[in-house]
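The file my_file_6.cif contains mmCIF, C-alpha atoms (C1' of nucleotides):
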```cif
data_run
#
loop_
_atom_site.label_atom_id
_atom_site.label_comp_id
_atom_site.auth_asym_id
_atom_site.auth_seq_id
_atom_site.Cartn_x
_atom_site.Cartn_y
_atom_site.Cartn_z
CA MET A 1 20.25 24.13 -23.00
CA ILE A 2 21.18 23.73 -19.38
CA TYR A 3 21.00 26.57 -16.91
CA ASN A 4 22.17 26.97 -13.35
CA TYR A 5 19.88 28.60 -10.86
CA THR A 6 20.93 30.01 -7.51
CA SER A 7 18.21 30.22 -4.91
CA SER A 8 17.87 30.77 -1.21
CA LEU A 9 17.17 27.07 -0.94
CA GLY A 10 20.31 25.97 -2.75
CA LEU A 11 21.81 25.49 -6.17
CA MET A 12 19.70 23.97 -8.90
CA ALA A 13 19.97 23.41 -12.62
CA TYR A 14 17.46 22.71 -15.33
CA ASP A 15 17.33 21.79 -18.97
CA TRP A 16 15.14 24.20 -20.90
CA ASP A 17 14.99 23.69 -24.65
CA GLY A 18 12.99 26.79 -25.43
CA GLN A 19 9.72 24.88 -25.56
CA SER A 20 9.62 22.78 -22.42
CA CYS A 21 11.55 21.81 -19.35
CA ARG A 22 13.10 18.42 -19.80
CA ARG A 23 14.94 17.93 -16.53
CA LEU A 24 15.66 19.59 -13.24
CA TRP A 25 18.52 18.86 -10.86
CA LEU A 26 18.82 19.85 -7.24
CA ASP A 27 22.45 20.79 -7.52
CA SER A 28 24.56 22.91 -9.82
CA HIS A 29 25.46 21.65 -13.23
CA PRO A 30 29.11 22.07 -14.22
CA GLY A 31 29.53 24.26 -17.26
CA ALA A 32 25.91 25.37 -17.45
CA ARG A 33 25.09 28.99 -18.15
CA PRO A 34 23.36 31.17 -15.58
CA SER A 35 19.59 31.08 -15.47
CA ALA A 36 17.87 33.17 -18.13
CA ASP A 37 14.51 34.82 -17.95
CA ASP A 38 12.56 31.78 -19.02
CA PRO A 39 9.39 30.20 -17.63
CA VAL A 40 11.31 27.77 -15.46
CA GLY A 41 13.39 30.51 -13.88
CA CYS A 42 10.24 32.51 -13.21
CA TRP A 43 8.56 29.52 -11.64
CA LEU A 44 11.56 28.92 -9.40
CA ASP A 45 11.59 32.58 -8.39
CA ALA A 46 7.97 32.27 -7.39
CA TYR A 47 8.45 28.98 -5.57
CA CYS A 48 11.30 30.31 -3.46
CA ASP A 49 9.05 33.22 -2.59
CA GLY A 50 6.34 30.89 -1.41
CA ARG A 51 4.13 31.81 -4.36
CA ARG A 52 2.22 29.19 -6.33
CA LEU A 53 2.60 29.82 -10.02
CA ALA A 54 1.25 27.79 -12.93
CA LEU A 55 3.85 25.29 -14.05
CA PRO A 56 6.04 26.04 -17.04
CA PRO A 57 5.64 23.67 -20.01
CA LEU A 58 7.10 20.31 -19.12
CA ALA A 59 8.44 17.56 -21.35
CA LYS A 60 5.91 14.82 -21.97
CA PRO A 61 6.15 11.70 -19.83
CA HIS A 62 7.58 8.67 -21.62
CA THR A 63 4.97 6.18 -20.52
CA ALA A 64 1.31 6.18 -19.62
CA PHE A 65 2.20 5.18 -16.11
CA GLN A 66 4.45 8.19 -15.69
CA ALA A 67 1.63 10.41 -16.88
CA ARG A 68 -0.68 9.05 -14.20
CA LEU A 69 2.10 9.33 -11.66
CA ARG A 70 2.64 12.99 -12.56
CA LYS A 71 -1.06 13.75 -12.27
CA ALA A 72 -1.29 12.15 -8.86
CA LEU A 73 1.72 14.05 -7.57
CA LEU A 74 0.49 17.39 -8.87
CA ALA A 75 -2.74 16.83 -6.95
CA ILE A 76 -0.90 17.02 -3.62
CA PRO A 77 -1.32 20.55 -2.27
CA TRP A 78 1.55 22.76 -1.15
CA GLY A 79 2.91 21.66 2.19
CA GLU A 80 0.82 18.48 2.37
CA THR A 81 2.21 14.98 2.23
CA CYS A 82 1.00 11.57 1.07
CA THR A 83 2.49 8.17 1.65
CA TYR A 84 3.91 5.85 -1.00
CA GLY A 85 1.29 3.28 -0.09
CA GLU A 86 -1.68 5.62 -0.44
CA LEU A 87 -0.66 6.83 -3.87
CA ALA A 88 0.30 3.35 -5.00
CA ARG A 89 -3.20 2.13 -4.11
CA GLN A 90 -4.68 5.10 -5.86
CA LEU A 91 -2.78 4.23 -9.04
CA GLY A 92 -3.41 0.52 -8.65
CA THR A 93 0.24 -0.33 -8.34
CA ALA A 94 2.58 -1.69 -5.68
CA PRO A 95 4.17 0.65 -3.14
CA ARG A 96 7.64 -0.38 -4.04
CA ALA A 97 7.14 0.12 -7.74
CA PHE A 98 5.71 3.51 -6.97
CA GLY A 99 8.76 4.43 -4.95
CA GLN A 100 11.10 3.44 -7.71
CA ALA A 101 9.12 5.40 -10.28
CA LEU A 102 9.47 8.46 -8.07
CA GLY A 103 13.20 8.05 -7.95
CA ALA A 104 13.20 8.17 -11.75
CA ASN A 105 11.28 11.46 -11.85
CA PRO A 106 13.31 13.81 -14.08
CA LEU A 107 11.51 16.89 -12.77
CA PRO A 108 11.78 16.99 -8.98
CA LEU A 109 10.32 20.09 -7.33
CA LEU A 110 8.26 21.01 -10.42
CA ILE A 111 6.52 17.68 -9.99
CA PRO A 112 6.43 17.55 -6.20
CA CYS A 113 7.89 14.13 -5.52
CA HIS A 114 9.26 15.47 -2.22
CA ARG A 115 5.72 15.48 -0.80
CA VAL A 116 5.61 11.71 -0.71
CA VAL A 117 6.77 10.13 2.51
CA ALA A 118 6.92 6.60 3.85
CA ALA A 119 4.15 5.28 6.10
CA ASN A 120 6.61 5.39 8.99
CA GLY A 121 9.41 7.82 8.41
CA ILE A 122 10.30 10.22 5.67
CA GLY A 123 11.23 7.81 2.90
CA GLY A 124 13.99 8.51 0.41
CA PHE A 125 14.91 11.18 -2.07
CA SER A 126 17.15 10.77 -5.08
CA CYS A 127 18.61 14.28 -4.85
CA GLY A 128 19.55 13.83 -1.21
CA ILE A 129 17.37 13.46 1.84
CA GLU A 130 18.46 16.88 3.10
CA TRP A 131 16.69 18.48 0.17
CA LYS A 132 13.49 16.65 0.96
CA LYS A 133 13.52 17.69 4.59
CA ALA A 134 14.37 21.27 3.71
CA LEU A 135 11.63 21.52 1.07
CA LEU A 136 8.96 20.13 3.35
CA GLU A 137 9.98 22.42 6.16
CA PHE A 138 10.08 25.37 3.76
CA GLU A 139 6.57 24.67 2.45
CA ARG A 140 5.18 24.22 5.93
CA SER A 141 6.50 27.64 6.92
CA PHE A 142 3.92 29.40 4.77
"C1'" DG X 143 4.13 -3.07 22.60
"C1'" DG X 144 8.63 -2.75 20.09
"C1'" DC X 145 12.08 -4.87 17.17
"C1'" DT X 146 13.66 -7.85 13.45
"C1'" DT X 147 13.06 -10.65 9.43
"C1'" DC X 148 10.74 -11.87 5.20
"C1'" DC X 149 8.38 -11.49 0.94
"C1'" DA X 150 4.60 -9.89 -2.54
"C1'" DT X 151 4.82 -6.76 -5.99
"C1'" DG X 152 5.43 -3.94 -10.48
"C1'" DA X 153 8.21 -0.30 -13.22
"C1'" DG X 154 12.68 0.71 -14.92
"C1'" DT X 155 17.25 -0.53 -16.69
"C1'" DA Y 156 17.39 -10.83 -14.56
"C1'" DC Y 157 17.91 -7.67 -11.14
"C1'" DT Y 158 17.18 -3.45 -8.70
"C1'" DC Y 159 14.48 -0.66 -5.75
"C1'" DA Y 160 12.78 6.39 -2.39
"C1'" DT Y 161 7.53 0.29 0.51
"C1'" DG Y 162 4.16 -2.03 3.32
"C1'" DG Y 163 2.35 -5.31 6.08
"C1'" DA Y 164 2.42 -9.54 8.35
"C1'" DA Y 165 4.64 -12.88 11.31
"C1'" DG Y 166 7.73 -14.29 14.78
"C1'" DC Y 167 10.22 -13.29 18.84
"C1'" DC Y 168 11.50 -11.18 23.08
#
```
Let me see the file written as structure tokens.
Amino acid sequence: MIYNYTSSLGLMAYDWDGQSCRRLWLDSHPGARPSADDPVGCWLDAYCDGRRLALPPLAKPHTAFQARLRKALLAIPWGETCTYGELARQLGTAPRAFGQALGANPLPLLIPCHRVVAANGIGGFSCGIEWKKALLEFERSF
DNA sequence: GGCTTCCATGAGT
DNA sequence: ACTCATGGAAGCC
């Protein structure tokens, strides 16, 4: 089931099936129902408050690589950033492949793909570069 | 030094 | 087969 979530940071939507969060979008989802009192909504409440809360259950990654990718991203602390190259080396992969895998992340924000920047510059963001800038600035303000 | 190609590289589609 | 949310090196002012 897909829910819309309105936050101080902007409109979001997520797919919560009652067991785990399968996807999260950084924009509103047409026709979705308003956010319920589920673990994802609670986590988003906390995040927008600057509070770190344990993650809600997330859908399993499809591949082993995505599992390692997720683990590496979750290791980046609030407000900190890493570069594509650093993490790619850490996972034994190529920077470009790493970047593309990030773009395919179905759970932005929950899995903090916005904390990865290019060696020179900010890099890209599939949900819109404005989101990435806003999120980084938001996290740094705490 | 700063700017512009150029290409190795690997995961996803 | 082709597409990338890169990085680093090489060439040129």
Discussion item. Can you tell me which residues surround DT151 of chain X at a distance of at most 9 Å, considering all atoms listed in the file, apart from same-chain residues fewer than 6 positions away, and format the answer as a PyMOL selection string?
Written reply: chain A and resi 93-97
Discussion item. If the PyMOL selection byres ((chain X) within 8 of (chain A)) were run on this exact file, what residues would it hold? Put them as a VMD selection string.
Written reply: chain X and resid 151 to 154
Discussion item. Would you mind listing, as a count of residues only, all residues of chain A that have at least one atom within 12 Å of chain Y, where only C-alpha atoms (C1' of nucleotides) are what counts?
Written reply: 38
Item to complete: Can you give me, as JSON, numbers by chain, the residues this file yields under the PyMOL selection byres ((chain A and resi 30-46) around 6)?
Response: {"A": [2, 3, 4, 5, 29, 47, 48, 49, 51, 56]}
Worksheet item: Mind pulling up the distance from atom CA of Gln19 of chain A to atom CA of Ile76 of chain A?
Response: 25.6 Å
Worksheet item: Suppose you want the space between atom CA of Ser20 of chain A and atom CA of Gly50 of chain A; what is it in Å?
Response: 22.8 Å
Discussion item. From (-1.5, 7.9, -8.1), in the file's coordinates, out to 7 Å: which residues are reached, counting only C-alpha atoms (C1' of nucleotides)? Answer as JSON, numbers by chain.
Written reply: {"A": [68, 69, 72, 73, 87, 88, 90, 91]}
Store the residues picked out above in a file with C-alpha atoms, as a CSV table (one decimal), in the frame of the given file.
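Result file again.csv:
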```
chain,number,residue,atom,x,y,z
A,68,ARG,CA,-0.7,9.0,-14.2
A,69,LEU,CA,2.1,9.3,-11.7
A,72,ALA,CA,-1.3,12.2,-8.9
A,73,LEU,CA,1.7,14.0,-7.6
A,87,LEU,CA,-0.7,6.8,-3.9
A,88,ALA,CA,0.3,3.4,-5.0
A,90,GLN,CA,-4.7,5.1,-5.9
A,91,LEU,CA,-2.8,4.2,-9.0
```
Select, counting all atoms listed in the file, all protein, DNA and RNA residues no farther than 7 Å from (6.0, 19.3, -22.5) in file coordinates, and express the selection as a PDB file with C-alpha atoms, in the coordinates of the input.
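Saved to out31.pdb:
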```
ATOM      1  CA  SER A  20       9.620  22.780 -22.420  1.00  0.00           C
ATOM      2  CA  CYS A  21      11.550  21.810 -19.350  1.00  0.00           C
ATOM      3  CA  PRO A  57       5.640  23.670 -20.010  1.00  0.00           C
ATOM      4  CA  LEU A  58       7.100  20.310 -19.120  1.00  0.00           C
ATOM      5  CA  ALA A  59       8.440  17.560 -21.350  1.00  0.00           C
ATOM      6  CA  LYS A  60       5.910  14.820 -21.970  1.00  0.00           C
TER       7      LYS A  60
END
```
Discussion item. Please report the interatomic distance between atom CA of Leu26 of chain A and atom CA of Thr63 of chain A in Å with one decimal.
Written reply: 23.6 Å
Mind completing segment 18-29 of chain A with all heavy atoms? Output as an mmCIF file, keeping the file's coordinate frame, please?
```
data_model
loop_
_atom_site.group_PDB
_atom_site.id
_atom_site.type_symbol
_atom_site.label_atom_id
_atom_site.label_comp_id
_atom_site.auth_asym_id
_atom_site.auth_seq_id
_atom_site.Cartn_x
_atom_site.Cartn_y
_atom_site.Cartn_z
ATOM 1 N N GLY A 18 13.672 25.712 -24.737
ATOM 2 C CA GLY A 18 12.990 26.790 -25.430
ATOM 3 C C GLY A 18 11.496 26.523 -25.547
ATOM 4 O O GLY A 18 10.703 27.443 -25.718
ATOM 5 N N GLN A 19 11.123 25.261 -25.465
ATOM 6 C CA GLN A 19 9.720 24.880 -25.560
ATOM 7 C C GLN A 19 9.207 24.292 -24.249
ATOM 8 O O GLN A 19 8.099 24.534 -23.830
ATOM 9 C CB GLN A 19 9.528 23.810 -26.656
ATOM 10 C CG GLN A 19 10.001 24.246 -28.024
ATOM 11 C CD GLN A 19 9.198 25.406 -28.555
ATOM 12 O OE1 GLN A 19 7.980 25.403 -28.487
ATOM 13 N NE2 GLN A 19 9.881 26.427 -29.065
ATOM 14 N N SER A 20 10.053 23.466 -23.634
ATOM 15 C CA SER A 20 9.620 22.780 -22.420
ATOM 16 C C SER A 20 10.815 22.480 -21.541
ATOM 17 O O SER A 20 11.960 22.506 -21.997
ATOM 18 C CB SER A 20 8.891 21.477 -22.778
ATOM 19 O OG SER A 20 9.807 20.584 -23.373
ATOM 20 N N CYS A 21 10.503 22.187 -20.293
ATOM 21 C CA CYS A 21 11.550 21.810 -19.350
ATOM 22 C C CYS A 21 11.691 20.301 -19.372
ATOM 23 O O CYS A 21 10.727 19.568 -19.161
ATOM 24 C CB CYS A 21 11.184 22.283 -17.937
ATOM 25 S SG CYS A 21 12.501 21.972 -16.752
ATOM 26 N N ARG A 22 12.895 19.854 -19.654
ATOM 27 C CA ARG A 22 13.100 18.420 -19.800
ATOM 28 C C ARG A 22 13.590 17.768 -18.521
ATOM 29 O O ARG A 22 13.256 16.606 -18.251
ATOM 30 C CB ARG A 22 14.112 18.151 -20.913
ATOM 31 C CG ARG A 22 13.729 18.845 -22.214
ATOM 32 C CD ARG A 22 14.950 19.214 -23.038
ATOM 33 N NE ARG A 22 15.605 18.057 -23.595
ATOM 34 C CZ ARG A 22 15.205 17.466 -24.728
ATOM 35 N NH1 ARG A 22 14.173 17.922 -25.381
ATOM 36 N NH2 ARG A 22 15.854 16.427 -25.188
ATOM 37 N N ARG A 23 14.410 18.484 -17.765
ATOM 38 C CA ARG A 23 14.940 17.930 -16.530
ATOM 39 C C ARG A 23 15.208 19.036 -15.536
ATOM 40 O O ARG A 23 15.377 20.197 -15.917
ATOM 41 C CB ARG A 23 16.270 17.192 -16.773
ATOM 42 C CG ARG A 23 16.100 15.831 -17.364
ATOM 43 C CD ARG A 23 17.311 14.982 -17.064
ATOM 44 N NE ARG A 23 17.373 14.616 -15.662
ATOM 45 C CZ ARG A 23 18.276 13.772 -15.164
ATOM 46 N NH1 ARG A 23 19.183 13.243 -15.941
ATOM 47 N NH2 ARG A 23 18.265 13.470 -13.894
ATOM 48 N N LEU A 24 15.261 18.642 -14.270
ATOM 49 C CA LEU A 24 15.660 19.590 -13.240
ATOM 50 C C LEU A 24 16.502 18.849 -12.221
ATOM 51 O O LEU A 24 16.174 17.723 -11.844
ATOM 52 C CB LEU A 24 14.427 20.218 -12.583
ATOM 53 C CG LEU A 24 14.763 21.348 -11.597
ATOM 54 C CD1 LEU A 24 13.805 22.504 -11.734
ATOM 55 C CD2 LEU A 24 14.750 20.845 -10.156
ATOM 56 N N TRP A 25 17.626 19.464 -11.856
ATOM 57 C CA TRP A 25 18.520 18.860 -10.860
ATOM 58 C C TRP A 25 18.557 19.727 -9.625
ATOM 59 O O TRP A 25 18.522 20.966 -9.724
ATOM 60 C CB TRP A 25 19.939 18.750 -11.405
ATOM 61 C CG TRP A 25 20.105 17.871 -12.585
ATOM 62 C CD1 TRP A 25 20.373 16.530 -12.579
ATOM 63 C CD2 TRP A 25 20.033 18.251 -13.979
ATOM 64 N NE1 TRP A 25 20.470 16.071 -13.883
ATOM 65 C CE2 TRP A 25 20.267 17.097 -14.752
ATOM 66 C CE3 TRP A 25 19.787 19.454 -14.631
ATOM 67 C CZ2 TRP A 25 20.266 17.110 -16.147
ATOM 68 C CZ3 TRP A 25 19.780 19.477 -16.019
ATOM 69 C CH2 TRP A 25 20.020 18.316 -16.768
ATOM 70 N N LEU A 26 18.683 19.094 -8.477
ATOM 71 C CA LEU A 26 18.820 19.850 -7.240
ATOM 72 C C LEU A 26 20.280 19.951 -6.853
ATOM 73 O O LEU A 26 20.655 19.643 -5.727
ATOM 74 C CB LEU A 26 17.984 19.181 -6.138
ATOM 75 C CG LEU A 26 16.592 19.803 -5.899
ATOM 76 C CD1 LEU A 26 15.997 20.455 -7.136
ATOM 77 C CD2 LEU A 26 15.639 18.814 -5.311
ATOM 78 N N ASP A 27 21.069 20.402 -7.795
ATOM 79 C CA ASP A 27 22.450 20.790 -7.520
ATOM 80 C C ASP A 27 22.931 21.545 -8.754
ATOM 81 O O ASP A 27 22.233 21.602 -9.756
ATOM 82 C CB ASP A 27 23.339 19.576 -7.198
ATOM 83 C CG ASP A 27 23.341 18.561 -8.307
ATOM 84 O OD1 ASP A 27 23.103 18.940 -9.466
ATOM 85 O OD2 ASP A 27 23.587 17.386 -8.020
ATOM 86 N N SER A 28 24.111 22.119 -8.674
ATOM 87 C CA SER A 28 24.560 22.910 -9.820
ATOM 88 C C SER A 28 25.083 21.982 -10.898
ATOM 89 O O SER A 28 25.501 20.864 -10.627
ATOM 90 C CB SER A 28 25.651 23.883 -9.386
ATOM 91 O OG SER A 28 26.751 23.162 -8.879
ATOM 92 N N HIS A 29 25.022 22.447 -12.102
ATOM 93 C CA HIS A 29 25.460 21.650 -13.230
ATOM 94 C C HIS A 29 26.734 22.276 -13.785
ATOM 95 O O HIS A 29 26.733 23.415 -14.215
ATOM 96 C CB HIS A 29 24.374 21.640 -14.311
ATOM 97 C CG HIS A 29 24.469 20.492 -15.234
ATOM 98 N ND1 HIS A 29 23.830 19.291 -14.997
ATOM 99 C CD2 HIS A 29 25.142 20.339 -16.389
ATOM 100 C CE1 HIS A 29 24.107 18.463 -15.983
ATOM 101 N NE2 HIS A 29 24.890 19.064 -16.838
#
```
